[in-house]
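J.: Contents of my_file_32.cif (mmCIF, C-alpha atoms and all ligand atoms) are given next:
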data_start
#
loop_
_atom_site.label_atom_id
_atom_site.label_comp_id
_atom_site.auth_asym_id
_atom_site.auth_seq_id
_atom_site.Cartn_x
_atom_site.Cartn_y
_atom_site.Cartn_z
CA MET B 264 -57.70 -163.41 -108.83
CA PRO B 265 -54.07 -164.30 -109.65
CA GLU B 266 -52.84 -167.52 -108.03
CA ASP B 267 -50.40 -165.98 -105.60
CA SER B 268 -52.00 -162.65 -104.75
CA LEU B 269 -51.18 -161.17 -101.33
CA LEU B 270 -54.85 -161.50 -100.37
CA ASP B 271 -54.79 -165.22 -101.20
CA HIS B 272 -51.84 -165.59 -98.83
CA ALA B 273 -53.68 -163.68 -96.13
CA LEU B 274 -56.78 -165.85 -96.56
CA VAL B 275 -54.71 -168.94 -95.78
CA ARG B 276 -54.66 -167.67 -92.18
CA LEU B 277 -58.43 -167.35 -92.16
CA ASP B 278 -58.86 -170.94 -93.36
CA GLU B 279 -56.36 -172.18 -90.76
CA ALA B 280 -58.31 -170.48 -87.98
CA ALA B 281 -61.70 -171.60 -89.32
CA ALA B 282 -60.54 -175.21 -88.97
CA HIS B 283 -60.34 -174.71 -85.19
CA VAL B 284 -63.79 -173.23 -84.55
CA SER B 285 -67.29 -174.21 -85.49
CA ILE B 286 -68.39 -171.31 -87.61
CA ASP B 287 -71.14 -170.72 -90.16
CA PRO B 288 -69.50 -171.04 -93.62
CA ASP B 289 -71.44 -167.90 -94.64
CA VAL B 290 -69.28 -165.92 -92.21
CA ILE B 291 -66.08 -167.14 -93.83
CA GLU B 292 -67.50 -166.46 -97.30
CA LYS B 293 -68.34 -162.88 -96.31
CA LEU B 294 -64.84 -162.27 -94.95
CA LYS B 295 -63.11 -163.44 -98.14
CA TYR B 296 -63.92 -160.38 -100.24
CA ALA B 297 -63.60 -156.65 -99.85
CA ARG B 298 -66.98 -154.92 -99.58
CA GLU B 299 -65.90 -152.04 -101.81
CA THR B 300 -62.69 -150.66 -103.23
CA THR B 301 -62.67 -147.28 -104.97
CA LYS B 302 -59.95 -146.27 -107.36
CA ALA B 303 -59.06 -142.72 -108.37
CA ARG B 304 -56.41 -140.97 -110.39
CA LEU B 305 -55.05 -137.97 -108.50
CA MET B 306 -53.84 -135.19 -110.77
CA ILE B 307 -51.63 -132.57 -109.17
CA ARG B 308 -49.58 -129.59 -110.26
CA MET B 309 -45.84 -130.09 -109.73
CA ASP B 310 -43.57 -127.25 -108.60
CA ASP B 311 -42.16 -126.89 -112.13
CA GLY B 312 -45.65 -126.20 -113.50
CA SER B 313 -46.16 -129.62 -115.09
CA ARG B 314 -49.02 -131.96 -114.16
CA LYS B 315 -48.55 -135.49 -112.86
CA SER B 316 -51.08 -138.17 -112.02
CA PHE B 317 -50.95 -140.87 -109.36
CA LEU B 318 -53.11 -143.96 -108.83
CA ALA B 319 -54.93 -144.09 -105.51
CA TRP B 320 -57.35 -146.44 -103.73
CA ARG B 321 -59.52 -146.63 -100.67
CA CYS B 322 -60.84 -150.02 -99.60
CA ARG B 323 -63.65 -150.58 -97.08
CA TYR B 324 -63.15 -154.27 -96.50
CA ASP B 325 -65.79 -155.05 -93.89
CA ASP B 326 -67.97 -152.76 -91.78
CA THR B 327 -69.93 -155.29 -89.78
CA ARG B 328 -68.42 -154.22 -86.44
CA GLY B 329 -68.47 -150.47 -87.16
CA PRO B 330 -67.07 -147.80 -89.48
CA THR B 331 -64.06 -149.01 -91.45
CA LYS B 332 -60.70 -147.95 -90.04
CA GLY B 333 -57.20 -148.01 -91.44
CA GLY B 334 -54.27 -145.99 -92.66
CA ILE B 335 -53.26 -144.47 -95.98
CA ARG B 336 -49.93 -145.60 -97.40
CA PHE B 337 -47.81 -143.60 -99.85
CA HIS B 338 -45.54 -146.12 -101.59
CA PRO B 339 -44.30 -146.62 -105.17
CA ASP B 340 -45.08 -150.38 -105.03
CA SER B 341 -48.64 -150.09 -103.67
CA THR B 342 -51.29 -152.04 -105.62
CA ILE B 343 -55.01 -152.71 -105.23
CA ASP B 344 -54.15 -156.23 -104.01
CA GLU B 345 -51.94 -154.81 -101.27
CA VAL B 346 -54.58 -152.27 -100.21
CA GLU B 347 -57.31 -154.93 -99.96
CA THR B 348 -55.02 -157.25 -98.02
CA LEU B 349 -54.05 -154.51 -95.58
CA ALA B 350 -57.76 -153.72 -95.17
CA PHE B 351 -58.47 -157.41 -94.48
CA TRP B 352 -55.81 -157.35 -91.76
CA MET B 353 -57.35 -154.16 -90.29
CA THR B 354 -60.72 -155.95 -90.09
CA PHE B 355 -59.17 -158.69 -87.96
CA LYS B 356 -56.95 -156.30 -86.00
CA CYS B 357 -59.90 -154.17 -84.87
CA ALA B 358 -61.81 -157.32 -83.90
CA VAL B 359 -58.80 -158.68 -81.96
CA MET B 360 -58.69 -155.48 -79.91
CA ASN B 361 -62.50 -155.30 -79.63
CA LEU B 362 -62.54 -151.79 -81.15
CA PRO B 363 -65.96 -150.82 -82.58
CA TYR B 364 -64.58 -150.70 -86.11
CA GLY B 365 -64.42 -152.67 -89.33
CA GLY B 366 -61.33 -152.66 -91.53
CA GLY B 367 -60.23 -150.33 -94.31
CA LYS B 368 -57.08 -149.09 -95.98
CA GLY B 369 -55.91 -146.64 -98.61
CA ALA B 370 -52.85 -146.00 -100.71
CA VAL B 371 -51.31 -143.74 -103.30
CA GLN B 372 -48.81 -145.28 -105.72
CA VAL B 373 -46.06 -142.70 -105.26
CA ASP B 374 -42.55 -142.33 -103.87
CA PRO B 375 -43.17 -139.40 -101.50
CA ARG B 376 -39.42 -138.95 -100.99
CA LYS B 377 -39.29 -137.61 -104.55
CA LEU B 378 -41.90 -134.89 -103.90
CA SER B 379 -41.35 -131.44 -102.44
CA LYS B 380 -43.33 -130.52 -99.32
CA ALA B 381 -45.71 -128.40 -101.39
CA GLU B 382 -46.28 -131.25 -103.88
CA LEU B 383 -46.89 -133.66 -101.00
CA GLU B 384 -49.50 -131.29 -99.58
CA ARG B 385 -51.28 -131.00 -102.95
CA LEU B 386 -51.27 -134.80 -103.29
CA SER B 387 -52.67 -135.30 -99.77
CA ARG B 388 -55.44 -132.78 -100.42
CA ALA B 389 -56.18 -134.40 -103.79
CA TYR B 390 -56.64 -137.74 -102.03
CA ILE B 391 -59.35 -136.27 -99.81
CA GLN B 392 -61.02 -134.48 -102.73
CA ALA B 393 -61.24 -137.85 -104.49
CA PHE B 394 -62.48 -139.86 -101.51
CA ALA B 395 -64.42 -137.30 -99.40
CA ARG B 396 -67.74 -139.02 -100.16
CA ILE B 397 -66.44 -142.39 -98.96
CA ILE B 398 -64.84 -141.35 -95.68
CA GLY B 399 -66.54 -139.87 -92.61
CA PRO B 400 -66.45 -140.18 -88.78
CA ASP B 401 -69.19 -142.86 -88.89
CA ARG B 402 -68.24 -144.39 -92.21
CA ASP B 403 -64.52 -144.74 -92.84
CA ILE B 404 -61.72 -143.19 -90.79
CA PRO B 405 -58.19 -142.98 -92.29
CA ALA B 406 -54.91 -142.68 -90.38
CA PRO B 407 -51.15 -142.74 -91.09
CA ASP B 408 -49.33 -145.78 -92.48
CA VAL B 409 -46.03 -146.34 -94.32
CA TYR B 410 -44.53 -142.99 -95.44
CA THR B 411 -47.47 -140.90 -94.19
CA ASN B 412 -47.44 -138.97 -90.90
CA SER B 413 -49.27 -136.48 -88.69
CA MET B 414 -48.42 -133.54 -90.97
CA ILE B 415 -50.15 -135.30 -93.88
CA MET B 416 -53.13 -136.21 -91.67
CA GLY B 417 -53.37 -132.53 -90.70
CA TRP B 418 -53.59 -131.44 -94.36
CA MET B 419 -56.16 -134.14 -95.03
CA ALA B 420 -58.32 -133.15 -92.03
CA ASP B 421 -58.13 -129.53 -93.17
CA GLU B 422 -59.18 -130.43 -96.72
CA TYR B 423 -62.11 -132.48 -95.43
CA ALA B 424 -63.23 -129.54 -93.22
CA GLN B 425 -63.16 -127.25 -96.26
CA ILE B 426 -65.27 -129.68 -98.31
CA VAL B 427 -67.95 -130.29 -95.66
CA GLY B 428 -67.90 -126.70 -94.40
CA GLN B 429 -67.02 -127.42 -90.77
CA ALA B 430 -64.28 -129.00 -88.68
CA GLU B 431 -64.78 -132.78 -88.38
CA PRO B 432 -61.69 -133.91 -86.47
CA ALA B 433 -63.02 -137.47 -85.95
CA VAL B 434 -62.86 -138.15 -89.72
CA ILE B 435 -59.14 -138.92 -89.51
CA THR B 436 -56.74 -139.98 -86.77
CA GLY B 437 -53.03 -139.51 -86.22
CA LYS B 438 -53.49 -135.73 -86.58
CA PRO B 439 -51.13 -133.12 -85.12
CA ILE B 440 -52.03 -132.33 -81.48
CA ALA B 441 -52.96 -128.77 -82.55
CA LEU B 442 -55.74 -130.15 -84.79
CA GLY B 443 -57.22 -132.59 -82.26
CA GLY B 444 -54.60 -135.34 -82.34
CA SER B 445 -54.16 -137.54 -79.27
CA LEU B 446 -51.19 -137.58 -76.97
CA GLY B 447 -49.35 -140.88 -77.30
CA ARG B 448 -50.37 -141.64 -80.91
CA GLY B 449 -46.81 -141.14 -82.22
CA ASP B 450 -45.24 -144.15 -80.49
CA ALA B 451 -48.47 -146.16 -80.01
CA THR B 452 -47.68 -148.98 -82.47
CA ALA B 453 -44.31 -149.71 -80.87
CA ARG B 454 -45.57 -149.11 -77.32
CA GLY B 455 -48.39 -151.62 -77.76
CA GLY B 456 -45.88 -154.25 -78.93
CA TYR B 457 -43.60 -153.36 -76.04
CA TYR B 458 -46.40 -153.80 -73.47
CA LEU B 459 -47.30 -157.14 -75.05
CA VAL B 460 -43.75 -158.54 -74.90
CA ARG B 461 -43.34 -157.29 -71.32
CA HIS B 462 -46.62 -158.90 -70.26
CA LEU B 463 -45.90 -162.31 -71.82
CA ALA B 464 -42.13 -162.33 -71.09
CA GLU B 465 -42.34 -165.05 -68.45
CA GLU B 466 -44.52 -167.38 -70.53
CA LEU B 467 -42.24 -166.80 -73.51
CA GLY B 468 -39.17 -167.68 -71.43
CA LEU B 469 -37.42 -164.40 -72.23
CA SER B 470 -34.21 -163.50 -70.42
CA ARG B 471 -33.91 -160.26 -68.47
CA THR B 472 -31.70 -158.55 -71.02
CA LEU B 473 -32.80 -159.12 -74.58
CA ARG B 474 -30.67 -158.82 -77.69
CA VAL B 475 -32.92 -157.25 -80.29
CA ALA B 476 -32.73 -156.87 -84.09
CA VAL B 477 -35.06 -154.37 -85.77
CA GLN B 478 -35.83 -154.51 -89.48
CA GLY B 479 -37.08 -151.13 -90.72
CA PHE B 480 -36.28 -147.91 -88.92
CA GLY B 481 -39.34 -145.74 -89.54
CA ASN B 482 -41.92 -144.77 -86.92
CA ALA B 483 -42.44 -148.23 -85.38
CA GLY B 484 -38.80 -149.35 -85.66
CA GLN B 485 -37.36 -146.21 -84.09
CA HIS B 486 -39.82 -146.23 -81.19
CA ILE B 487 -39.47 -149.93 -80.33
CA ALA B 488 -35.67 -149.56 -80.31
CA SER B 489 -35.93 -146.54 -77.98
CA LEU B 490 -38.45 -148.18 -75.64
CA LEU B 491 -36.48 -151.43 -75.32
CA ALA B 492 -33.09 -149.68 -75.01
CA ALA B 493 -34.52 -147.48 -72.22
CA ASP B 494 -35.34 -150.71 -70.33
CA GLY B 495 -31.73 -151.88 -70.63
CA HIS B 496 -32.18 -154.25 -73.58
CA LYS B 497 -29.49 -154.30 -76.27
CA ILE B 498 -30.35 -153.35 -79.84
CA VAL B 499 -27.75 -155.38 -81.75
CA ALA B 500 -28.82 -154.69 -85.35
CA VAL B 501 -31.11 -152.37 -87.31
CA SER B 502 -31.80 -151.84 -90.99
CA ASP B 503 -33.64 -149.34 -93.16
CA SER B 504 -34.42 -149.24 -96.88
CA ALA B 505 -30.86 -148.12 -97.68
CA GLY B 506 -28.66 -150.23 -95.38
CA ALA B 507 -28.03 -151.86 -92.01
CA VAL B 508 -25.71 -151.70 -88.97
CA LYS B 509 -24.82 -154.04 -86.11
CA SER B 510 -22.98 -153.99 -82.81
CA ASP B 511 -22.73 -156.92 -80.40
CA ALA B 512 -22.20 -154.44 -77.55
CA GLY B 513 -25.45 -152.66 -78.46
CA LEU B 514 -26.05 -149.85 -80.96
CA ASN B 515 -26.09 -146.18 -79.97
CA ILE B 516 -29.80 -145.41 -80.45
CA GLU B 517 -29.41 -141.64 -80.04
CA MET B 518 -26.92 -141.64 -82.88
CA LEU B 519 -29.25 -143.67 -85.11
CA LEU B 520 -32.22 -141.39 -84.35
CA ASP B 521 -30.07 -138.36 -85.08
CA ALA B 522 -29.05 -139.78 -88.49
CA LYS B 523 -32.70 -140.53 -89.37
CA SER B 524 -33.84 -137.04 -88.29
CA LYS B 525 -31.35 -135.61 -90.79
CA GLY B 526 -32.73 -137.82 -93.56
CA ARG B 527 -29.74 -140.18 -93.56
CA SER B 528 -29.68 -143.99 -93.53
CA VAL B 529 -28.66 -145.89 -90.37
CA GLU B 530 -25.75 -147.11 -92.50
CA THR B 531 -24.10 -143.67 -92.27
CA THR B 532 -23.27 -144.41 -88.60
CA VAL B 533 -20.88 -147.28 -89.54
CA GLY B 534 -17.47 -146.75 -87.96
CA GLN B 535 -18.80 -144.65 -85.08
CA ASP B 536 -19.23 -145.95 -81.51
CA GLY B 537 -18.57 -149.57 -82.52
CA HIS B 538 -21.20 -149.64 -85.30
CA GLU B 539 -20.28 -152.20 -87.97
CA ALA B 540 -21.63 -152.64 -91.49
CA LEU B 541 -24.23 -155.34 -92.08
CA SER B 542 -25.90 -156.44 -95.28
CA PRO B 543 -29.66 -155.63 -94.96
CA ASP B 544 -30.46 -159.17 -96.18
CA ALA B 545 -28.51 -160.62 -93.26
CA LEU B 546 -30.55 -158.81 -90.60
CA VAL B 547 -33.19 -161.52 -90.30
CA GLY B 548 -30.50 -164.10 -89.45
CA VAL B 549 -28.61 -162.02 -86.86
CA THR B 550 -27.99 -163.75 -83.49
CA CYS B 551 -30.56 -162.24 -81.12
CA ASP B 552 -33.46 -163.11 -78.77
CA LEU B 553 -36.09 -160.87 -80.32
CA LEU B 554 -36.51 -160.06 -84.02
CA VAL B 555 -38.78 -157.12 -84.83
CA PRO B 556 -39.85 -156.82 -88.48
CA ALA B 557 -41.04 -153.21 -88.72
CA ALA B 558 -40.87 -152.62 -92.48
CA LEU B 559 -43.07 -154.10 -95.21
CA GLU B 560 -44.86 -157.34 -96.16
CA ASN B 561 -43.19 -160.68 -97.00
CA MET B 562 -39.76 -159.86 -95.52
CA ILE B 563 -39.49 -163.28 -93.86
CA ASP B 564 -40.26 -165.95 -96.42
CA GLU B 565 -39.44 -169.57 -97.21
CA LYS B 566 -35.93 -168.54 -98.31
CA ASN B 567 -34.72 -166.86 -95.10
CA ALA B 568 -37.05 -168.20 -92.36
CA ALA B 569 -34.70 -171.05 -91.45
CA SER B 570 -31.92 -168.51 -90.76
CA VAL B 571 -33.91 -166.82 -87.94
CA LYS B 572 -32.07 -167.32 -84.63
CA ALA B 573 -34.41 -165.30 -82.43
CA LYS B 574 -36.78 -167.10 -80.01
CA LEU B 575 -39.46 -164.51 -80.59
CA VAL B 576 -40.67 -162.44 -83.56
CA LEU B 577 -42.71 -159.30 -82.84
CA GLU B 578 -44.53 -158.26 -86.03
CA LEU B 579 -44.73 -154.48 -85.91
CA ALA B 580 -45.08 -154.40 -89.71
CA ASN B 581 -48.23 -155.71 -91.38
CA GLY B 582 -47.76 -159.12 -92.98
CA PRO B 583 -43.97 -159.43 -92.66
CA VAL B 584 -44.02 -163.26 -92.45
CA THR B 585 -45.40 -165.40 -95.29
CA PRO B 586 -47.52 -168.50 -94.54
CA GLU B 587 -44.64 -170.73 -95.75
CA ALA B 588 -42.24 -168.99 -93.38
CA ASP B 589 -44.78 -169.36 -90.54
CA ALA B 590 -44.55 -173.13 -90.86
CA ILE B 591 -40.73 -173.10 -90.85
CA LEU B 592 -40.58 -170.80 -87.81
CA ALA B 593 -43.12 -172.89 -85.90
CA SER B 594 -41.23 -176.12 -86.58
CA ASN B 595 -38.03 -174.43 -85.33
CA GLY B 596 -39.78 -173.40 -82.11
CA VAL B 597 -39.80 -169.67 -82.91
CA VAL B 598 -42.87 -167.91 -81.46
CA VAL B 599 -44.42 -165.21 -83.65
CA LEU B 600 -46.52 -162.48 -82.02
CA PRO B 601 -48.72 -161.75 -85.04
CA ASP B 602 -49.29 -158.32 -86.64
CA ILE B 603 -53.03 -158.18 -85.91
CA LEU B 604 -52.15 -158.24 -82.20
CA ALA B 605 -48.54 -157.03 -82.03
CA ASN B 606 -48.96 -153.77 -83.97
CA ALA B 607 -52.54 -153.03 -82.89
CA GLY B 608 -51.40 -150.33 -80.45
CA GLY B 609 -51.50 -147.83 -83.32
CA VAL B 610 -55.14 -148.29 -84.22
CA THR B 611 -56.05 -148.56 -80.53
CA VAL B 612 -54.72 -145.08 -79.80
CA SER B 613 -56.38 -143.95 -83.06
CA TYR B 614 -59.61 -145.15 -81.47
CA PHE B 615 -58.80 -143.13 -78.33
CA GLU B 616 -58.23 -140.09 -80.57
CA TRP B 617 -61.62 -140.58 -82.28
CA VAL B 618 -63.35 -140.94 -78.90
CA GLN B 619 -61.65 -137.78 -77.58
CA ASN B 620 -62.61 -135.84 -80.74
CA ARG B 621 -66.23 -136.87 -80.36
CA GLN B 622 -66.46 -135.99 -76.69
CA GLY B 623 -64.33 -132.85 -77.06
CA TYR B 624 -62.43 -133.78 -73.93
CA TYR B 625 -58.77 -134.73 -74.03
CA TRP B 626 -57.01 -137.26 -71.81
CA PRO B 627 -53.55 -136.90 -70.25
CA LEU B 628 -50.70 -139.05 -71.59
CA GLU B 629 -50.67 -141.34 -68.53
CA GLU B 630 -54.30 -142.21 -69.17
CA ILE B 631 -53.58 -143.07 -72.82
CA HIS B 632 -50.67 -145.31 -71.79
CA GLU B 633 -52.67 -146.99 -69.05
CA ARG B 634 -55.67 -147.71 -71.28
CA LEU B 635 -53.42 -149.01 -74.06
CA ARG B 636 -51.49 -151.24 -71.67
CA ALA B 637 -54.70 -152.70 -70.23
CA ILE B 638 -56.13 -153.57 -73.66
CA MET B 639 -52.86 -155.05 -74.99
CA GLU B 640 -52.54 -157.21 -71.89
CA ARG B 641 -56.21 -158.28 -71.93
CA GLU B 642 -56.28 -159.33 -75.56
CA GLY B 643 -52.70 -160.68 -75.52
CA ARG B 644 -53.55 -162.87 -72.53
CA ALA B 645 -56.79 -164.11 -74.14
CA ILE B 646 -54.90 -165.07 -77.32
CA TRP B 647 -52.12 -166.71 -75.33
CA ASN B 648 -54.75 -168.84 -73.55
CA ILE B 649 -56.41 -169.84 -76.85
CA SER B 650 -53.03 -170.86 -78.24
CA ARG B 651 -52.40 -173.09 -75.19
CA VAL B 652 -55.87 -174.64 -75.07
CA LYS B 653 -56.08 -175.33 -78.81
CA ASP B 654 -52.37 -176.02 -79.21
CA VAL B 655 -52.06 -173.58 -82.12
CA THR B 656 -49.67 -170.74 -82.99
CA MET B 657 -50.29 -167.26 -81.62
CA ARG B 658 -51.30 -166.21 -85.16
CA THR B 659 -53.98 -168.87 -85.49
CA ALA B 660 -55.15 -168.09 -81.94
CA ALA B 661 -55.44 -164.38 -82.82
CA TYR B 662 -57.55 -165.21 -85.89
CA VAL B 663 -59.73 -167.57 -83.84
CA HIS B 664 -60.23 -164.78 -81.27
CA ALA B 665 -61.16 -162.21 -83.93
CA LEU B 666 -63.34 -164.64 -85.87
CA GLY B 667 -65.53 -165.24 -82.83
CA ARG B 668 -66.26 -161.52 -82.55
CA LEU B 669 -66.77 -161.06 -86.28
CA ALA B 670 -69.12 -164.04 -86.50
CA GLU B 671 -71.17 -162.75 -83.58
CA ALA B 672 -71.57 -159.35 -85.26
CA ILE B 673 -72.35 -160.80 -88.69
CA GLU B 674 -75.03 -163.04 -87.19
CA ALA B 675 -76.46 -160.22 -85.05
CA HIS B 676 -77.05 -158.06 -88.14
CA GLY B 677 -79.38 -160.71 -89.59
CA THR B 678 -79.60 -161.99 -93.12
CA GLN B 679 -81.47 -158.99 -94.59
CA SER B 680 -79.02 -156.47 -93.20
CA PHE B 681 -77.93 -153.50 -95.27
CA PHE B 682 -74.48 -153.94 -93.76
CA VAL B 683 -74.15 -157.64 -94.60
CA SER B 684 -74.60 -157.34 -98.33
N1 LIG B 701 -51.69 -147.91 -90.22
C1 LIG B 701 -51.81 -148.44 -88.88
C2 LIG B 701 -52.08 -149.94 -88.93
O1 LIG B 701 -51.76 -150.61 -89.89
C3 LIG B 701 -52.81 -147.66 -88.03
C4 LIG B 701 -54.22 -147.63 -88.55
C5 LIG B 701 -55.12 -146.67 -87.79
O2 LIG B 701 -54.68 -146.06 -86.83
O3 LIG B 701 -56.28 -146.56 -88.19
O4 LIG B 701 -52.55 -150.51 -87.98
#
Is it possible to give me this structure as structure tokens?

T.:
Amino acid sequence: MPEDSLLDHALVRLDEAAAHVSIDPDVIEKLKYARETTKARLMIRMDDGSRKSFLAWRCRYDDTRGPTKGGIRFHPDSTIDEVETLAFWMTFKCAVMNLPYGGGKGAVQVDPRKLSKAELERLSRAYIQAFARIIGPDRDIPAPDVYTNSMIMGWMADEYAQIVGQAEPAVITGKPIALGGSLGRGDATARGGYYLVRHLAEELGLSRTLRVAVQGFGNAGQHIASLLAADGHKIVAVSDSAGAVKSDAGLNIEMLLDAKSKGRSVETTVGQDGHEALSPDALVGVTCDLLVPAALENMIDEKNAASVKAKLVLELANGPVTPEADAILASNGVVVLPDILANAGGVTVSYFEWVQNRQGYYWPLEEIHERLRAIMEREGRAIWNISRVKDVTMRTAAYVHALGRLAEAIEAHGTQSFFVS
């Protein structure tokens, strides 16, 4: 494995947590490697009649606590290392939330913004044709991730149904409501983070009106901005992959959402309603109380961590803060609510969707919100308490919390287990 792979970085967090608990070294050894990662080359017909191929993966990192669960990412920079790391994080995320799942992840190395809708559909169906034998409602359950959405999940669920000869809605989550999707899945990632911040606000010493900066304005970024703005908090800066905007008086969220819905960058709102231009690199260092990284991995690193002025970082992205940056933030007194807790609302409502699919009975939105709130508060509180008792960061506390559950399951399977290979 190359010296500085993303998975190596992620494993630093496992070692840090292991130092605070007495745990069988066999458990740590088992959690250091992906159980299986399958690679495929997806060949599709383009609209102009030519053929193009795309690399794709599906990783089932660990299935000790249940079927593997995790999204499928469509991104030009995706690699096998990234997929396995994201699957490692899913393993810990599902354990943090006590969902009966292991961790998995998938990706296609593609820029979906360069494909037509018909090409995107053929690519999504090709993914399922390649991995149909690996996934399944009791084996491995995909969901949306970066640059994939409910429409894509709908095509994938349909393709799976055609292959197995019957509808199997529980094979994939984040589906359109019409195909067995759950109410409340769309904003679940952001809503979970929102409930967490609200619940721990007093302990975190947050003021009544927060100034918030959001990095990344996709699903999670847009929803957290809307939820916090609706509560009277001020969104002072946002960025997307093409640019950034700021306003000390608070950005006009409706205007930003409108620009995004038309396929335009947030930057196109500069000059309107007090929106000023901001360099995307400067977003992390904007004066604010709460910084929400909601884009990709490694956005806060040893180069920009010292510029963070926020008191609190809510990781709605997976892996946005490097281990080196963690140390800088901690020594500057910045609290980080870690990804495996902060963005776990998404997979939690995915779990609700899977449960509803299997029982064929669908819950009202209020019930989804209430169940999500209760779980976020329960696990957030438990992790907060661990961090106080052990005097560790919230990230280390979250890993300690998850490790306890993973170790219990690994030991319960026994040494001859088929699952613990
Ligand atoms: N892709 C999301 C995540 O990273 C959701 C996964 C899921 O719902 O299975 O947590």

J.: Each residue of chain B with at least one atom at most 7 Å from ligand LIG 701 (chain B) should appear once, together with its nearest atom pair and the corresponding distance in Å (one decimal); atoms considered: all atoms listed in the file; ordering: chain, then increasing residue number; output as JSON lines.

T.:
{"residue": "B:Lys332", "atom": "CA", "partner": "B:LIG701", "partner_atom": "O3", "distance": 5.0}
{"residue": "B:Gly333", "atom": "CA", "partner": "B:LIG701", "partner_atom": "O3", "distance": 3.7}
{"residue": "B:Gly334", "atom": "CA", "partner": "B:LIG701", "partner_atom": "N1", "distance": 4.0}
{"residue": "B:Ile335", "atom": "CA", "partner": "B:LIG701", "partner_atom": "N1", "distance": 6.9}
{"residue": "B:Met353", "atom": "CA", "partner": "B:LIG701", "partner_atom": "O4", "distance": 6.5}
{"residue": "B:Ile404", "atom": "CA", "partner": "B:LIG701", "partner_atom": "O3", "distance": 6.9}
{"residue": "B:Pro405", "atom": "CA", "partner": "B:LIG701", "partner_atom": "O3", "distance": 5.8}
{"residue": "B:Ala406", "atom": "CA", "partner": "B:LIG701", "partner_atom": "O3", "distance": 4.7}
{"residue": "B:Pro407", "atom": "CA", "partner": "B:LIG701", "partner_atom": "N1", "distance": 5.3}
{"residue": "B:Asp408", "atom": "CA", "partner": "B:LIG701", "partner_atom": "N1", "distance": 3.9}
{"residue": "B:Thr436", "atom": "CA", "partner": "B:LIG701", "partner_atom": "O2", "distance": 6.4}
{"residue": "B:Gly437", "atom": "CA", "partner": "B:LIG701", "partner_atom": "O2", "distance": 6.8}
{"residue": "B:Asn581", "atom": "CA", "partner": "B:LIG701", "partner_atom": "O1", "distance": 6.4}
{"residue": "B:Asn606", "atom": "CA", "partner": "B:LIG701", "partner_atom": "O4", "distance": 6.3}
{"residue": "B:Ala607", "atom": "CA", "partner": "B:LIG701", "partner_atom": "O4", "distance": 5.7}
{"residue": "B:Gly609", "atom": "CA", "partner": "B:LIG701", "partner_atom": "C3", "distance": 4.9}
{"residue": "B:Val610", "atom": "CA", "partner": "B:LIG701", "partner_atom": "O2", "distance": 3.5}
{"residue": "B:Thr611", "atom": "CA", "partner": "B:LIG701", "partner_atom": "O2", "distance": 6.9}
{"residue": "B:Ser613", "atom": "CA", "partner": "B:LIG701", "partner_atom": "O2", "distance": 4.6}

J.: What is the CA of Asp521 (chain B) to CA of Ala500 (chain B) distance in Å?

T.: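 Result for CA of Asp521 (chain B) versus CA of Ala500 (chain B): 16.4 Å, one decimal.
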
J.: Could you tell me which of B:Lys523, B:Ile307, B:Ile415, B:Arg328 comes closest to Met360 (chain B) if we count all atoms listed in the file?

T.: B:Arg328

J.: Need the shell around Ala381 (chain B): protein/DNA/RNA residues with any atom at most 9 Å away, counting all atoms listed in the file. Skip same-chain ones fewer than 3 positions apart. Format as a list in words?

T.: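 My list of contacting residues is Met309, Asp310, Leu378, Glu384, Arg385 and Leu386 of chain B.
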
J.: In terms of the shortest atom-to-atom distance over all atoms listed in the file, which of B:Gln429, B:Thr301, B:Ser313, B:Ser470 is closest to Arg396 (chain B)?

T.: B:Thr301

J.: For Lys295 (chain B), list every protein, DNA or RNA residue within 9 Å, evaluated using only C-alpha atoms, and leave out those in the same chain fewer than 3 positions away; present the list as a PyMOL selection string.

T.: chain B and resi 270+274+277+290-292+351

J.: Go through B:Tyr410, B:Trp647, B:Phe615, B:Trp626 and flag the residue nearest Ala433 (chain B), using only C-alpha atoms for the distances.

T.: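 For Ala433 (chain B), the nearest of the given residues is B:Phe615.
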
J.: Could you please determine the separation between CA of Cys551 (chain B) and CA of Val475 (chain B) in Å, to one decimal place?

T.: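 CA of Val475 (chain B) lies at a distance of 5.6 Å from CA of Cys551 (chain B).
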
J.: So which one's closest to Glu347 (chain B), B:His664, B:Lys380, B:Lys302, B:Arg454? Using all atoms listed in the file, please.

T.: B:Lys302

J.: So the first atom is CA of Leu554 (chain B) and the second is CA of Asp511 (chain B); what is the distance between them in Å, to one decimal place?

T.: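 Computing the Euclidean distance for CA of Leu554 (chain B) and CA of Asp511 (chain B) yields 14.6 Å.
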
J.: When you look at region 530-542 of chain B with a cut-off of 12 Å (counting all atoms listed in the file), what residues show up, excluding the ones that are within fewer than 3 positions of it in the same chain? I need them as a VMD selection string.

T.: chain B and resid 476 478 480 498 to 523 525 to 527 545 to 549

J.: With a distance cut-off of 12 Å and all atoms listed in the file, select the neighbouring residues of Asn412 (chain B), excluding the residue or stretch itself and same-chain residues fewer than 6 positions from it, and output the selection as a PyMOL selection string.

T.: chain B and resi 334-337+375+383-384+387+405-406+418-419+435-439+444+448-450+481-483

J.: Would you please work out which residue, of B:Asp278, B:Asp544, B:Asp344, B:Glu640, is nearest to Val460 (chain B) when using all atoms listed in the file?

T.: B:Glu640

J.: The centre and edge lengths of an axis-aligned box containing all atoms of region 527-532 of chain B present in the file, extended by 4 Å on each side, are to be given in Å to one decimal, as AutoDock Vina command-line options.

T.:
--center_x -26.5 --center_y -143.6 --center_z -91.1 --size_x 14.5 --size_y 14.9 --size_z 13.0
